[in-house]
Structures are given as C-alpha cells and as structure tokens.
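Next comes start-v4.txt, with compact mmCIF, N, CA and C atoms.
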```txt
# COMPACT_ATOMS: atom_id res chain seq x y z
N MET A 4 -5.17 -2.84 -3.82
CA MET A 4 -6.58 -2.54 -3.97
C MET A 4 -7.43 -3.73 -3.61
N ALA A 5 -6.96 -4.90 -4.02
CA ALA A 5 -7.73 -6.10 -3.73
C ALA A 5 -7.78 -6.34 -2.21
N MET A 6 -6.67 -6.08 -1.52
CA MET A 6 -6.65 -6.26 -0.06
C MET A 6 -7.62 -5.28 0.61
N ARG A 7 -7.64 -4.06 0.14
CA ARG A 7 -8.57 -3.07 0.70
C ARG A 7 -10.01 -3.52 0.47
N TYR A 8 -10.31 -4.00 -0.73
CA TYR A 8 -11.65 -4.48 -1.03
C TYR A 8 -12.02 -5.63 -0.09
N LEU A 9 -11.11 -6.57 0.07
CA LEU A 9 -11.34 -7.72 0.93
C LEU A 9 -11.60 -7.29 2.37
N MET A 10 -10.80 -6.35 2.87
CA MET A 10 -10.99 -5.88 4.24
C MET A 10 -12.37 -5.23 4.41
N GLU A 11 -12.72 -4.36 3.47
CA GLU A 11 -13.96 -3.60 3.62
C GLU A 11 -15.22 -4.41 3.34
N ASN A 12 -15.12 -5.42 2.48
CA ASN A 12 -16.33 -6.12 2.04
C ASN A 12 -16.47 -7.55 2.55
N ASP A 13 -15.41 -8.11 3.08
CA ASP A 13 -15.49 -9.47 3.61
C ASP A 13 -15.13 -9.53 5.09
N ILE A 14 -13.96 -9.02 5.44
CA ILE A 14 -13.48 -9.16 6.82
C ILE A 14 -14.26 -8.28 7.78
N GLN A 15 -14.42 -6.98 7.46
CA GLN A 15 -15.15 -6.09 8.37
C GLN A 15 -16.59 -6.56 8.61
N PRO A 16 -17.35 -6.91 7.55
CA PRO A 16 -18.71 -7.41 7.80
C PRO A 16 -18.73 -8.69 8.64
N PHE A 17 -17.76 -9.57 8.44
CA PHE A 17 -17.69 -10.79 9.25
C PHE A 17 -17.47 -10.44 10.71
N LEU A 18 -16.57 -9.51 10.97
CA LEU A 18 -16.30 -9.10 12.35
C LEU A 18 -17.54 -8.49 12.99
N THR A 19 -18.22 -7.62 12.24
CA THR A 19 -19.44 -7.00 12.75
C THR A 19 -20.51 -8.04 13.05
N LYS A 20 -20.72 -8.95 12.11
CA LYS A 20 -21.74 -9.99 12.27
C LYS A 20 -21.50 -10.85 13.50
N ASN A 21 -20.23 -11.06 13.85
CA ASN A 21 -19.89 -11.92 14.98
C ASN A 21 -19.52 -11.14 16.24
N ASN A 22 -19.91 -9.86 16.26
CA ASN A 22 -19.71 -9.00 17.43
C ASN A 22 -18.25 -8.84 17.85
N PHE A 23 -17.35 -8.86 16.88
CA PHE A 23 -15.94 -8.59 17.14
C PHE A 23 -15.69 -7.11 16.83
N PRO A 24 -14.68 -6.52 17.45
CA PRO A 24 -14.37 -5.13 17.10
C PRO A 24 -13.84 -5.04 15.67
N LEU A 25 -14.12 -3.93 15.01
CA LEU A 25 -13.62 -3.73 13.65
C LEU A 25 -12.11 -3.58 13.67
N MET A 26 -11.50 -3.96 12.59
CA MET A 26 -10.05 -3.91 12.47
C MET A 26 -9.69 -2.88 11.40
N ASN A 27 -9.09 -1.79 11.82
CA ASN A 27 -8.62 -0.79 10.86
C ASN A 27 -7.30 -1.25 10.27
N PHE A 28 -7.02 -0.79 9.07
CA PHE A 28 -5.79 -1.19 8.40
C PHE A 28 -5.20 -0.01 7.67
N ARG A 29 -3.93 -0.11 7.37
CA ARG A 29 -3.20 0.86 6.56
C ARG A 29 -2.27 0.07 5.67
N ILE A 30 -2.22 0.43 4.39
CA ILE A 30 -1.39 -0.29 3.43
C ILE A 30 -0.39 0.68 2.82
N GLY A 31 0.89 0.33 2.84
CA GLY A 31 1.95 1.11 2.20
C GLY A 31 2.60 0.26 1.12
N ILE A 32 2.74 0.82 -0.09
CA ILE A 32 3.30 0.07 -1.21
C ILE A 32 4.31 0.95 -1.95
N ASP A 33 5.43 0.37 -2.30
CA ASP A 33 6.39 1.07 -3.15
C ASP A 33 6.99 0.08 -4.13
N MET A 34 7.76 0.59 -5.07
CA MET A 34 8.28 -0.26 -6.14
C MET A 34 9.75 0.07 -6.38
N GLU A 35 10.56 -0.97 -6.37
CA GLU A 35 11.98 -0.87 -6.66
C GLU A 35 12.57 -2.26 -6.43
N GLU A 36 13.82 -2.41 -6.76
CA GLU A 36 14.45 -3.72 -6.53
C GLU A 36 14.54 -3.99 -5.04
N ILE A 37 14.27 -5.24 -4.68
CA ILE A 37 14.38 -5.69 -3.30
C ILE A 37 15.07 -7.05 -3.29
N LEU A 38 15.48 -7.45 -2.14
CA LEU A 38 16.06 -8.77 -1.94
C LEU A 38 15.12 -9.54 -1.02
N ILE A 39 14.69 -10.70 -1.47
CA ILE A 39 13.86 -11.57 -0.64
C ILE A 39 14.75 -12.72 -0.20
N SER A 40 14.80 -12.94 1.10
CA SER A 40 15.71 -13.96 1.62
C SER A 40 15.03 -14.79 2.70
N ARG A 41 15.44 -16.03 2.78
CA ARG A 41 14.98 -16.92 3.85
C ARG A 41 16.04 -16.90 4.95
N ILE A 42 15.61 -16.62 6.16
CA ILE A 42 16.53 -16.52 7.29
C ILE A 42 16.19 -17.60 8.31
N GLY A 43 17.22 -18.23 8.84
CA GLY A 43 17.03 -19.24 9.87
C GLY A 43 17.48 -20.61 9.41
N MET A 44 17.20 -21.60 10.25
CA MET A 44 17.58 -22.97 9.96
C MET A 44 16.37 -23.75 9.45
N LYS A 45 16.61 -24.89 8.92
CA LYS A 45 15.54 -25.73 8.38
C LYS A 45 14.41 -25.90 9.41
N ASN A 46 13.19 -25.74 8.94
CA ASN A 46 11.96 -25.86 9.75
C ASN A 46 11.75 -24.72 10.75
N THR A 47 12.67 -23.79 10.82
CA THR A 47 12.49 -22.65 11.74
C THR A 47 12.86 -21.35 11.04
N ASN A 48 12.65 -21.29 9.73
CA ASN A 48 13.05 -20.10 9.01
C ASN A 48 11.84 -19.29 8.56
N PHE A 49 12.12 -18.10 8.09
CA PHE A 49 11.06 -17.22 7.60
C PHE A 49 11.62 -16.38 6.47
N LEU A 50 10.72 -15.80 5.69
CA LEU A 50 11.12 -14.91 4.61
C LEU A 50 11.19 -13.48 5.11
N THR A 51 12.15 -12.74 4.59
CA THR A 51 12.23 -11.31 4.88
C THR A 51 12.53 -10.57 3.58
N VAL A 52 12.20 -9.31 3.57
CA VAL A 52 12.43 -8.46 2.39
C VAL A 52 13.33 -7.32 2.82
N VAL A 53 14.38 -7.06 2.02
CA VAL A 53 15.35 -6.03 2.33
C VAL A 53 15.48 -5.10 1.13
N GLY A 54 15.59 -3.83 1.38
CA GLY A 54 15.81 -2.86 0.31
C GLY A 54 15.09 -1.56 0.60
N ASP A 55 15.47 -0.51 -0.14
CA ASP A 55 14.85 0.80 0.07
C ASP A 55 13.34 0.77 -0.11
N ALA A 56 12.86 0.04 -1.12
CA ALA A 56 11.42 -0.01 -1.37
C ALA A 56 10.68 -0.64 -0.18
N ALA A 57 11.26 -1.66 0.41
CA ALA A 57 10.63 -2.30 1.57
C ALA A 57 10.61 -1.35 2.76
N ASN A 58 11.71 -0.63 2.95
CA ASN A 58 11.77 0.34 4.05
C ASN A 58 10.78 1.47 3.84
N ARG A 59 10.72 1.99 2.61
CA ARG A 59 9.77 3.06 2.33
C ARG A 59 8.33 2.59 2.49
N ALA A 60 8.03 1.38 2.01
CA ALA A 60 6.66 0.85 2.13
C ALA A 60 6.24 0.79 3.60
N SER A 61 7.17 0.41 4.45
CA SER A 61 6.88 0.36 5.88
C SER A 61 6.55 1.76 6.41
N LYS A 62 7.31 2.75 6.00
CA LYS A 62 7.05 4.13 6.42
C LYS A 62 5.75 4.65 5.80
N LEU A 63 5.51 4.31 4.53
CA LEU A 63 4.28 4.74 3.86
C LEU A 63 3.05 4.19 4.56
N GLN A 64 3.17 2.97 5.07
CA GLN A 64 2.05 2.36 5.78
C GLN A 64 1.64 3.23 6.96
N SER A 65 2.62 3.78 7.66
CA SER A 65 2.28 4.62 8.82
C SER A 65 1.67 5.95 8.41
N LEU A 66 1.91 6.39 7.16
CA LEU A 66 1.33 7.65 6.67
C LEU A 66 -0.03 7.46 6.01
N ALA A 67 -0.39 6.22 5.71
CA ALA A 67 -1.68 5.97 5.06
C ALA A 67 -2.82 6.38 5.98
N LEU A 68 -3.88 6.83 5.35
CA LEU A 68 -5.08 7.16 6.12
C LEU A 68 -5.68 5.87 6.66
N SER A 69 -6.48 5.97 7.68
CA SER A 69 -7.12 4.78 8.23
C SER A 69 -7.93 4.08 7.14
N ASN A 70 -7.72 2.80 6.99
CA ASN A 70 -8.36 1.98 5.96
C ASN A 70 -8.00 2.45 4.56
N GLY A 71 -6.78 2.95 4.41
CA GLY A 71 -6.36 3.49 3.13
C GLY A 71 -5.05 2.92 2.62
N ILE A 72 -4.70 3.35 1.42
CA ILE A 72 -3.49 2.90 0.73
C ILE A 72 -2.62 4.11 0.45
N CYS A 73 -1.35 4.00 0.75
CA CYS A 73 -0.39 5.06 0.47
C CYS A 73 0.70 4.45 -0.42
N ILE A 74 1.00 5.11 -1.53
CA ILE A 74 1.98 4.56 -2.47
C ILE A 74 3.12 5.55 -2.70
N GLY A 75 4.30 5.00 -3.01
CA GLY A 75 5.47 5.81 -3.26
C GLY A 75 5.52 6.33 -4.69
N GLU A 76 6.40 7.30 -4.90
CA GLU A 76 6.53 7.96 -6.19
C GLU A 76 6.90 6.99 -7.30
N ASN A 77 7.78 6.02 -7.01
CA ASN A 77 8.16 5.05 -8.05
C ASN A 77 6.95 4.29 -8.58
N LEU A 78 6.10 3.84 -7.69
CA LEU A 78 4.91 3.12 -8.11
C LEU A 78 3.94 4.06 -8.83
N ALA A 79 3.76 5.27 -8.30
CA ALA A 79 2.84 6.22 -8.91
C ALA A 79 3.24 6.51 -10.36
N GLN A 80 4.53 6.62 -10.62
CA GLN A 80 5.00 6.91 -11.98
C GLN A 80 4.78 5.75 -12.93
N ASN A 81 4.55 4.57 -12.41
CA ASN A 81 4.35 3.39 -13.25
C ASN A 81 2.90 2.97 -13.37
N LEU A 82 1.99 3.72 -12.78
CA LEU A 82 0.57 3.43 -12.92
C LEU A 82 0.10 3.86 -14.29
N ASP A 83 -0.95 3.23 -14.76
CA ASP A 83 -1.60 3.69 -15.98
C ASP A 83 -2.09 5.11 -15.73
N GLU A 84 -1.93 5.98 -16.71
CA GLU A 84 -2.30 7.39 -16.53
C GLU A 84 -3.76 7.58 -16.16
N LYS A 85 -4.61 6.62 -16.47
CA LYS A 85 -6.02 6.73 -16.11
C LYS A 85 -6.23 6.65 -14.59
N LEU A 86 -5.23 6.14 -13.89
CA LEU A 86 -5.35 6.01 -12.44
C LEU A 86 -4.84 7.24 -11.69
N TYR A 87 -4.18 8.16 -12.39
CA TYR A 87 -3.63 9.35 -11.73
C TYR A 87 -4.70 10.16 -11.02
N ARG A 88 -5.90 10.14 -11.55
CA ARG A 88 -6.97 10.96 -10.94
C ARG A 88 -7.33 10.49 -9.53
N TYR A 89 -6.89 9.30 -9.16
CA TYR A 89 -7.19 8.77 -7.82
C TYR A 89 -6.06 9.05 -6.83
N LEU A 90 -5.02 9.75 -7.28
CA LEU A 90 -3.88 10.04 -6.42
C LEU A 90 -3.99 11.43 -5.81
N GLU A 91 -3.70 11.50 -4.54
CA GLU A 91 -3.64 12.79 -3.85
C GLU A 91 -2.28 12.84 -3.16
N GLU A 92 -1.46 13.82 -3.54
CA GLU A 92 -0.11 13.88 -2.98
C GLU A 92 -0.16 14.07 -1.47
N GLY A 93 0.66 13.29 -0.79
CA GLY A 93 0.71 13.36 0.66
C GLY A 93 1.60 14.49 1.14
N LYS A 94 1.25 15.02 2.28
CA LYS A 94 2.04 16.08 2.92
C LYS A 94 2.15 15.72 4.39
N ASN A 95 3.39 15.56 4.85
CA ASN A 95 3.62 15.24 6.25
C ASN A 95 5.01 15.72 6.62
N SER A 96 5.12 16.52 7.65
CA SER A 96 6.40 17.11 8.03
C SER A 96 7.42 16.08 8.51
N THR A 97 6.96 14.89 8.89
CA THR A 97 7.90 13.86 9.35
C THR A 97 8.49 13.06 8.20
N TRP A 98 7.94 13.19 7.00
CA TRP A 98 8.42 12.44 5.83
C TRP A 98 9.66 13.15 5.29
N LYS A 99 10.83 12.52 5.44
CA LYS A 99 12.10 13.15 5.05
C LYS A 99 12.84 12.36 3.97
N TRP A 100 12.18 11.39 3.35
CA TRP A 100 12.84 10.54 2.38
C TRP A 100 13.21 11.34 1.13
N LEU A 101 14.42 11.10 0.60
CA LEU A 101 14.89 11.78 -0.60
C LEU A 101 15.05 10.79 -1.73
N LYS A 102 14.93 11.29 -2.98
CA LYS A 102 15.22 10.44 -4.13
C LYS A 102 16.70 10.06 -4.07
N ALA A 103 17.00 8.83 -4.41
CA ALA A 103 18.37 8.33 -4.32
C ALA A 103 19.33 9.22 -5.10
N GLY A 104 20.42 9.61 -4.45
CA GLY A 104 21.47 10.39 -5.10
C GLY A 104 21.12 11.85 -5.34
N THR A 105 20.03 12.34 -4.74
CA THR A 105 19.64 13.74 -4.94
C THR A 105 19.23 14.35 -3.60
N SER A 106 18.94 15.62 -3.64
CA SER A 106 18.37 16.28 -2.46
C SER A 106 16.88 16.56 -2.67
N LEU A 107 16.31 15.93 -3.69
CA LEU A 107 14.89 16.11 -4.01
C LEU A 107 14.03 15.21 -3.13
N PRO A 108 12.92 15.72 -2.64
CA PRO A 108 12.06 14.87 -1.81
C PRO A 108 11.44 13.75 -2.63
N TYR A 109 11.33 12.59 -2.00
CA TYR A 109 10.65 11.44 -2.61
C TYR A 109 9.18 11.59 -2.25
N ARG A 110 8.34 11.81 -3.24
CA ARG A 110 6.92 12.09 -2.99
C ARG A 110 6.15 10.80 -2.71
N TYR A 111 5.03 10.96 -2.06
CA TYR A 111 4.12 9.83 -1.83
C TYR A 111 2.70 10.32 -2.05
N PHE A 112 1.79 9.35 -2.24
CA PHE A 112 0.42 9.67 -2.62
C PHE A 112 -0.56 8.78 -1.86
N HIS A 113 -1.69 9.36 -1.53
CA HIS A 113 -2.81 8.58 -1.01
C HIS A 113 -3.59 8.12 -2.23
N TYR A 114 -3.89 6.84 -2.27
CA TYR A 114 -4.62 6.26 -3.40
C TYR A 114 -6.09 6.18 -3.01
N ASN A 115 -6.90 7.03 -3.61
CA ASN A 115 -8.31 7.16 -3.26
C ASN A 115 -9.18 6.57 -4.36
N PHE A 116 -9.37 5.29 -4.30
CA PHE A 116 -10.15 4.61 -5.32
C PHE A 116 -11.03 3.58 -4.64
N ASP A 117 -12.31 3.62 -4.90
CA ASP A 117 -13.22 2.61 -4.36
C ASP A 117 -13.24 1.45 -5.33
N PHE A 118 -12.68 0.36 -4.90
CA PHE A 118 -12.54 -0.82 -5.74
C PHE A 118 -13.90 -1.42 -6.05
N PRO A 119 -14.19 -1.69 -7.32
CA PRO A 119 -15.51 -2.24 -7.66
C PRO A 119 -15.65 -3.70 -7.18
N ASN A 120 -16.86 -4.11 -7.04
CA ASN A 120 -17.15 -5.49 -6.69
C ASN A 120 -16.54 -6.42 -7.75
N PRO A 121 -15.85 -7.49 -7.34
CA PRO A 121 -15.24 -8.39 -8.33
C PRO A 121 -16.20 -8.91 -9.38
N LYS A 122 -17.47 -9.01 -9.05
CA LYS A 122 -18.46 -9.48 -10.03
C LYS A 122 -18.63 -8.47 -11.17
N GLU A 123 -18.20 -7.24 -10.94
CA GLU A 123 -18.33 -6.19 -11.95
C GLU A 123 -17.03 -5.93 -12.72
N TRP A 124 -15.96 -6.63 -12.40
CA TRP A 124 -14.65 -6.34 -12.99
C TRP A 124 -14.67 -6.42 -14.52
N SER A 125 -15.36 -7.41 -15.05
CA SER A 125 -15.33 -7.59 -16.50
C SER A 125 -15.99 -6.41 -17.23
N SER A 126 -16.88 -5.71 -16.57
CA SER A 126 -17.56 -4.58 -17.21
C SER A 126 -16.98 -3.24 -16.80
N PHE A 127 -15.98 -3.25 -15.91
CA PHE A 127 -15.43 -2.01 -15.39
C PHE A 127 -14.56 -1.30 -16.44
N ARG A 128 -14.79 -0.01 -16.62
CA ARG A 128 -14.01 0.81 -17.54
C ARG A 128 -13.54 2.05 -16.80
N PHE A 129 -12.32 2.48 -17.06
CA PHE A 129 -11.80 3.69 -16.42
C PHE A 129 -12.34 4.92 -17.12
```
Same coordinates, now as structure tokens:
Amino acid sequence: MAMRYLMENDIQPFLTKNNFPLMNFRIGIDMEEILISRIGMKNTNFLTVVGDAANRASKLQSLALSNGICIGENLAQNLDEKLYRYLEEGKNSTWKWLKAGTSLPYRYFHYNFDFPNPKEWSSFRF
C-alpha cells in the first residue's frame, strides 16, 4: 500500500511536472515461506527469492489492474478483518494455481483501497 501511495502521490506527479511519460505499475504480493539467497561471487552477487509465494507473487503482479495491487489467498486470510471490504476476488481463465496438496483453486484478490496521506495516518480509523 505504501508503494502504491508513493507511486501515485510522489513519483507520478514528479514525472508529470518534468514532462516525462507516466509510469504504470502493478504489484503482486503473497505470503508463505521463502528462501532468500545471495548468488554469485564477492562483489558481483545479488539477492534472489525462491519459493511458491515468490512465484505466485510474480504471477499475481501480471493479474493486477493497472496501478493496482493483487494479493494471494494466504495473505488475504491473514489481513485484519476490517480490510476484507477492500478485497475483490479476481477471476481470470489463465490463473491455474492450486492450493498445495489439493485440487482446490488458489484464490487471489484485487486490493482496492485508497491509501490515506501519511500526515493523516495517526487519525485514520477503519
């Protein structure tokens, strides 16, 4: 949510002000155990993330609406119940992911929440 706020309220206005083209974004997020590893040799290495959650997040990113956030079922189930009202279940015929060890579809959701200005966070109530 913070990244979406930053894109919409800081980066996009900066691009517009300086006559650059706007940059659309899509964010995919999921939750589960992952492995974070450094690959390469000293001074030429990078971090990578491996695991089902990382793979799903990558796929969810492609399903997110333009300038939107798409989250997996694991994350949705761990949100505070007050945030459920901002979830809209996604429907896409190309999404074939199943819950581990089952034949049940792994659901995903579009997160439709307009993030308040950080100056208002202390007074924000759900």
Atom pair atom N of Leu63 (chain A) + CA of Leu38 (chain A), distance 18.0 Å
Give me, as a list in words, the residues of chain A that a backbone DSSP run labels strand (DSSP E).
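Written out, the strand (DSSP E) residues of chain A are Arg29, Ile30, Gly31, Ile32, Leu38, Ile39, Ser40, Arg41, Ile42, Phe49, Leu50, Thr51, Val52, Val53, Gly71, Ile72, Cys73, Ile74, Gly75, Leu90, Glu91, Glu92, Tyr111, Phe112, His113 and Tyr114 of chain A.
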Quick one: everything within 7 Å of Leu78 (chain A), counting only N, CA and C atoms, minus sequence neighbours fewer than 4 positions away in the same chain. Send it as a PDB file with N, CA and C atoms, in the coordinates of the input.
```
ATOM      1  N   ILE A  32       2.740   0.820  -0.090  1.00  0.00           N
ATOM      2  CA  ILE A  32       3.300   0.070  -1.210  1.00  0.00           C
ATOM      3  C   ILE A  32       4.310   0.950  -1.950  1.00  0.00           C
ATOM      4  N   ASP A  33       5.430   0.370  -2.300  1.00  0.00           N
ATOM      5  CA  ASP A  33       6.390   1.070  -3.150  1.00  0.00           C
ATOM      6  C   ASP A  33       6.990   0.080  -4.130  1.00  0.00           C
ATOM      7  N   MET A  34       7.760   0.590  -5.070  1.00  0.00           N
ATOM      8  CA  MET A  34       8.280  -0.260  -6.140  1.00  0.00           C
ATOM      9  C   MET A  34       9.750   0.070  -6.380  1.00  0.00           C
ATOM     10  N   GLU A  35      10.560  -0.970  -6.370  1.00  0.00           N
ATOM     11  CA  GLU A  35      11.980  -0.870  -6.660  1.00  0.00           C
ATOM     12  C   GLU A  35      12.570  -2.260  -6.430  1.00  0.00           C
ATOM     13  N   ILE A  74       1.000   5.110  -1.530  1.00  0.00           N
ATOM     14  CA  ILE A  74       1.980   4.560  -2.470  1.00  0.00           C
ATOM     15  C   ILE A  74       3.120   5.550  -2.700  1.00  0.00           C
ATOM     16  N   LEU A  82       1.990   3.720 -12.780  1.00  0.00           N
ATOM     17  CA  LEU A  82       0.570   3.430 -12.920  1.00  0.00           C
ATOM     18  C   LEU A  82       0.100   3.860 -14.290  1.00  0.00           C
TER      19      LEU A  82
END
```
Counting only N, CA and C atoms, what is within 8 Å of region 93-107 of chain A, bar same-chain residues fewer than 5 positions away, as a list in words?
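The residues that qualify are Leu66, Phe112 and His113 of chain A.
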Here is a test: counting all atoms listed in the file, which residue of A:Met6, A:Met44, A:Leu68, A:Ile14 is nearest to Phe28 (chain A)?
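Closest to Phe28 (chain A), using all atoms listed in the file: A:Leu68.
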Could you check how far atom C of Arg59 (chain A) sits from atom C of Pro24 (chain A), in Å to one decimal?
26.9 Å
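Between CA of Tyr87 (chain A) and CA of Asp13 (chain A) the interatomic distance comes to 27.0 Å.
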Given only N, CA and C atoms as the basis, pick out the residue of A:Ile39, A:Tyr114, A:Glu76, A:Asn70 nearest to Arg7 (chain A).
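Distance minimum relative to Arg7 (chain A) lands on A:Asn70.
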Extract region 48-127 of chain A from the coordinates I pasted, and write it as a PDB file, in the first residue's frame (atoms kept: C-alpha atoms).
```pdb
ATOM      1  CA  ASN A  48      26.448 -11.097  -6.308  1.00  0.00           C
ATOM      2  CA  PHE A  49      22.766 -10.368  -5.916  1.00  0.00           C
ATOM      3  CA  LEU A  50      19.845 -11.477  -3.774  1.00  0.00           C
ATOM      4  CA  THR A  51      17.148 -13.753  -5.101  1.00  0.00           C
ATOM      5  CA  VAL A  52      13.953 -15.135  -3.606  1.00  0.00           C
ATOM      6  CA  VAL A  53      12.829 -18.723  -4.200  1.00  0.00           C
ATOM      7  CA  GLY A  54       9.585 -20.427  -3.235  1.00  0.00           C
ATOM      8  CA  ASP A  55       5.933 -20.834  -4.162  1.00  0.00           C
ATOM      9  CA  ALA A  56       4.995 -17.460  -2.655  1.00  0.00           C
ATOM     10  CA  ALA A  57       7.615 -15.686  -4.775  1.00  0.00           C
ATOM     11  CA  ASN A  58       6.427 -17.477  -7.903  1.00  0.00           C
ATOM     12  CA  ARG A  59       2.786 -16.704  -7.166  1.00  0.00           C
ATOM     13  CA  ALA A  60       3.566 -13.047  -6.405  1.00  0.00           C
ATOM     14  CA  SER A  61       5.193 -12.771  -9.815  1.00  0.00           C
ATOM     15  CA  LYS A  62       2.086 -14.210 -11.478  1.00  0.00           C
ATOM     16  CA  LEU A  63      -0.212 -12.051  -9.328  1.00  0.00           C
ATOM     17  CA  GLN A  64       1.667  -8.978 -10.489  1.00  0.00           C
ATOM     18  CA  SER A  65       0.663  -9.740 -14.070  1.00  0.00           C
ATOM     19  CA  LEU A  66      -3.002 -10.087 -12.989  1.00  0.00           C
ATOM     20  CA  ALA A  67      -3.074  -6.824 -11.035  1.00  0.00           C
ATOM     21  CA  LEU A  68      -5.029  -3.983 -12.524  1.00  0.00           C
ATOM     22  CA  SER A  69      -3.032  -1.071 -13.867  1.00  0.00           C
ATOM     23  CA  ASN A  70      -1.671   0.880 -10.891  1.00  0.00           C
ATOM     24  CA  GLY A  71      -3.138  -1.742  -8.602  1.00  0.00           C
ATOM     25  CA  ILE A  72      -2.305  -4.404  -6.038  1.00  0.00           C
ATOM     26  CA  CYS A  73      -3.177  -8.072  -6.354  1.00  0.00           C
ATOM     27  CA  ILE A  74      -2.767 -10.354  -3.320  1.00  0.00           C
ATOM     28  CA  GLY A  75      -2.856 -14.115  -2.840  1.00  0.00           C
ATOM     29  CA  GLU A  76      -5.251 -16.086  -0.679  1.00  0.00           C
ATOM     30  CA  ASN A  77      -2.640 -16.742   2.037  1.00  0.00           C
ATOM     31  CA  LEU A  78      -2.122 -13.033   2.580  1.00  0.00           C
ATOM     32  CA  ALA A  79      -5.845 -12.252   2.323  1.00  0.00           C
ATOM     33  CA  GLN A  80      -6.590 -14.758   5.099  1.00  0.00           C
ATOM     34  CA  ASN A  81      -4.086 -13.022   7.366  1.00  0.00           C
ATOM     35  CA  LEU A  82      -5.384  -9.482   6.913  1.00  0.00           C
ATOM     36  CA  ASP A  83      -7.303  -7.800   9.680  1.00  0.00           C
ATOM     37  CA  GLU A  84     -10.990  -8.491   9.043  1.00  0.00           C
ATOM     38  CA  LYS A  85     -11.613  -4.746   8.717  1.00  0.00           C
ATOM     39  CA  LEU A  86      -9.640  -4.827   5.473  1.00  0.00           C
ATOM     40  CA  TYR A  87     -11.768  -7.545   3.832  1.00  0.00           C
ATOM     41  CA  ARG A  88     -14.153  -4.933   2.475  1.00  0.00           C
ATOM     42  CA  TYR A  89     -11.372  -3.708   0.172  1.00  0.00           C
ATOM     43  CA  LEU A  90     -10.884  -7.122  -1.445  1.00  0.00           C
ATOM     44  CA  GLU A  91     -12.466  -8.106  -4.723  1.00  0.00           C
ATOM     45  CA  GLU A  92     -11.904 -11.712  -5.768  1.00  0.00           C
ATOM     46  CA  GLY A  93     -10.072 -11.999  -9.043  1.00  0.00           C
ATOM     47  CA  LYS A  94     -11.327 -14.010 -11.986  1.00  0.00           C
ATOM     48  CA  ASN A  95      -9.022 -14.923 -14.844  1.00  0.00           C
ATOM     49  CA  SER A  96      -9.155 -18.031 -17.013  1.00  0.00           C
ATOM     50  CA  THR A  97      -5.344 -18.178 -17.227  1.00  0.00           C
ATOM     51  CA  TRP A  98      -4.955 -18.456 -13.425  1.00  0.00           C
ATOM     52  CA  LYS A  99      -4.493 -22.197 -12.775  1.00  0.00           C
ATOM     53  CA  TRP A 100      -2.709 -22.190  -9.409  1.00  0.00           C
ATOM     54  CA  LEU A 101      -3.969 -24.775  -6.890  1.00  0.00           C
ATOM     55  CA  LYS A 102      -3.711 -24.897  -3.110  1.00  0.00           C
ATOM     56  CA  ALA A 103      -0.770 -27.111  -2.177  1.00  0.00           C
ATOM     57  CA  GLY A 104      -1.719 -30.787  -1.966  1.00  0.00           C
ATOM     58  CA  THR A 105      -5.288 -30.243  -3.205  1.00  0.00           C
ATOM     59  CA  SER A 106      -7.252 -29.756  -6.389  1.00  0.00           C
ATOM     60  CA  LEU A 107      -8.814 -26.573  -4.978  1.00  0.00           C
ATOM     61  CA  PRO A 108      -8.076 -23.316  -6.783  1.00  0.00           C
ATOM     62  CA  TYR A 109      -5.788 -20.861  -5.018  1.00  0.00           C
ATOM     63  CA  ARG A 110      -7.809 -17.646  -4.972  1.00  0.00           C
ATOM     64  CA  TYR A 111      -6.472 -14.142  -5.480  1.00  0.00           C
ATOM     65  CA  PHE A 112      -7.887 -10.699  -4.803  1.00  0.00           C
ATOM     66  CA  HIS A 113      -7.604  -7.173  -6.103  1.00  0.00           C
ATOM     67  CA  TYR A 114      -6.912  -4.862  -3.182  1.00  0.00           C
ATOM     68  CA  ASN A 115      -8.984  -1.725  -3.709  1.00  0.00           C
ATOM     69  CA  PHE A 116      -8.001   0.720  -1.029  1.00  0.00           C
ATOM     70  CA  ASP A 117      -7.050   4.363  -1.431  1.00  0.00           C
ATOM     71  CA  PHE A 118      -4.185   4.815   0.962  1.00  0.00           C
ATOM     72  CA  PRO A 119      -4.559   7.935   3.120  1.00  0.00           C
ATOM     73  CA  ASN A 120      -1.985  10.685   3.140  1.00  0.00           C
ATOM     74  CA  PRO A 121       0.777   9.781   5.653  1.00  0.00           C
ATOM     75  CA  LYS A 122       0.077  13.029   7.504  1.00  0.00           C
ATOM     76  CA  GLU A 123      -3.361  11.604   8.318  1.00  0.00           C
ATOM     77  CA  TRP A 124      -2.218   8.141   9.482  1.00  0.00           C
ATOM     78  CA  SER A 125      -2.402   8.923  13.179  1.00  0.00           C
ATOM     79  CA  SER A 126      -6.077   9.893  12.857  1.00  0.00           C
ATOM     80  CA  PHE A 127      -7.045   7.149  10.409  1.00  0.00           C
TER      81      PHE A 127
END
```
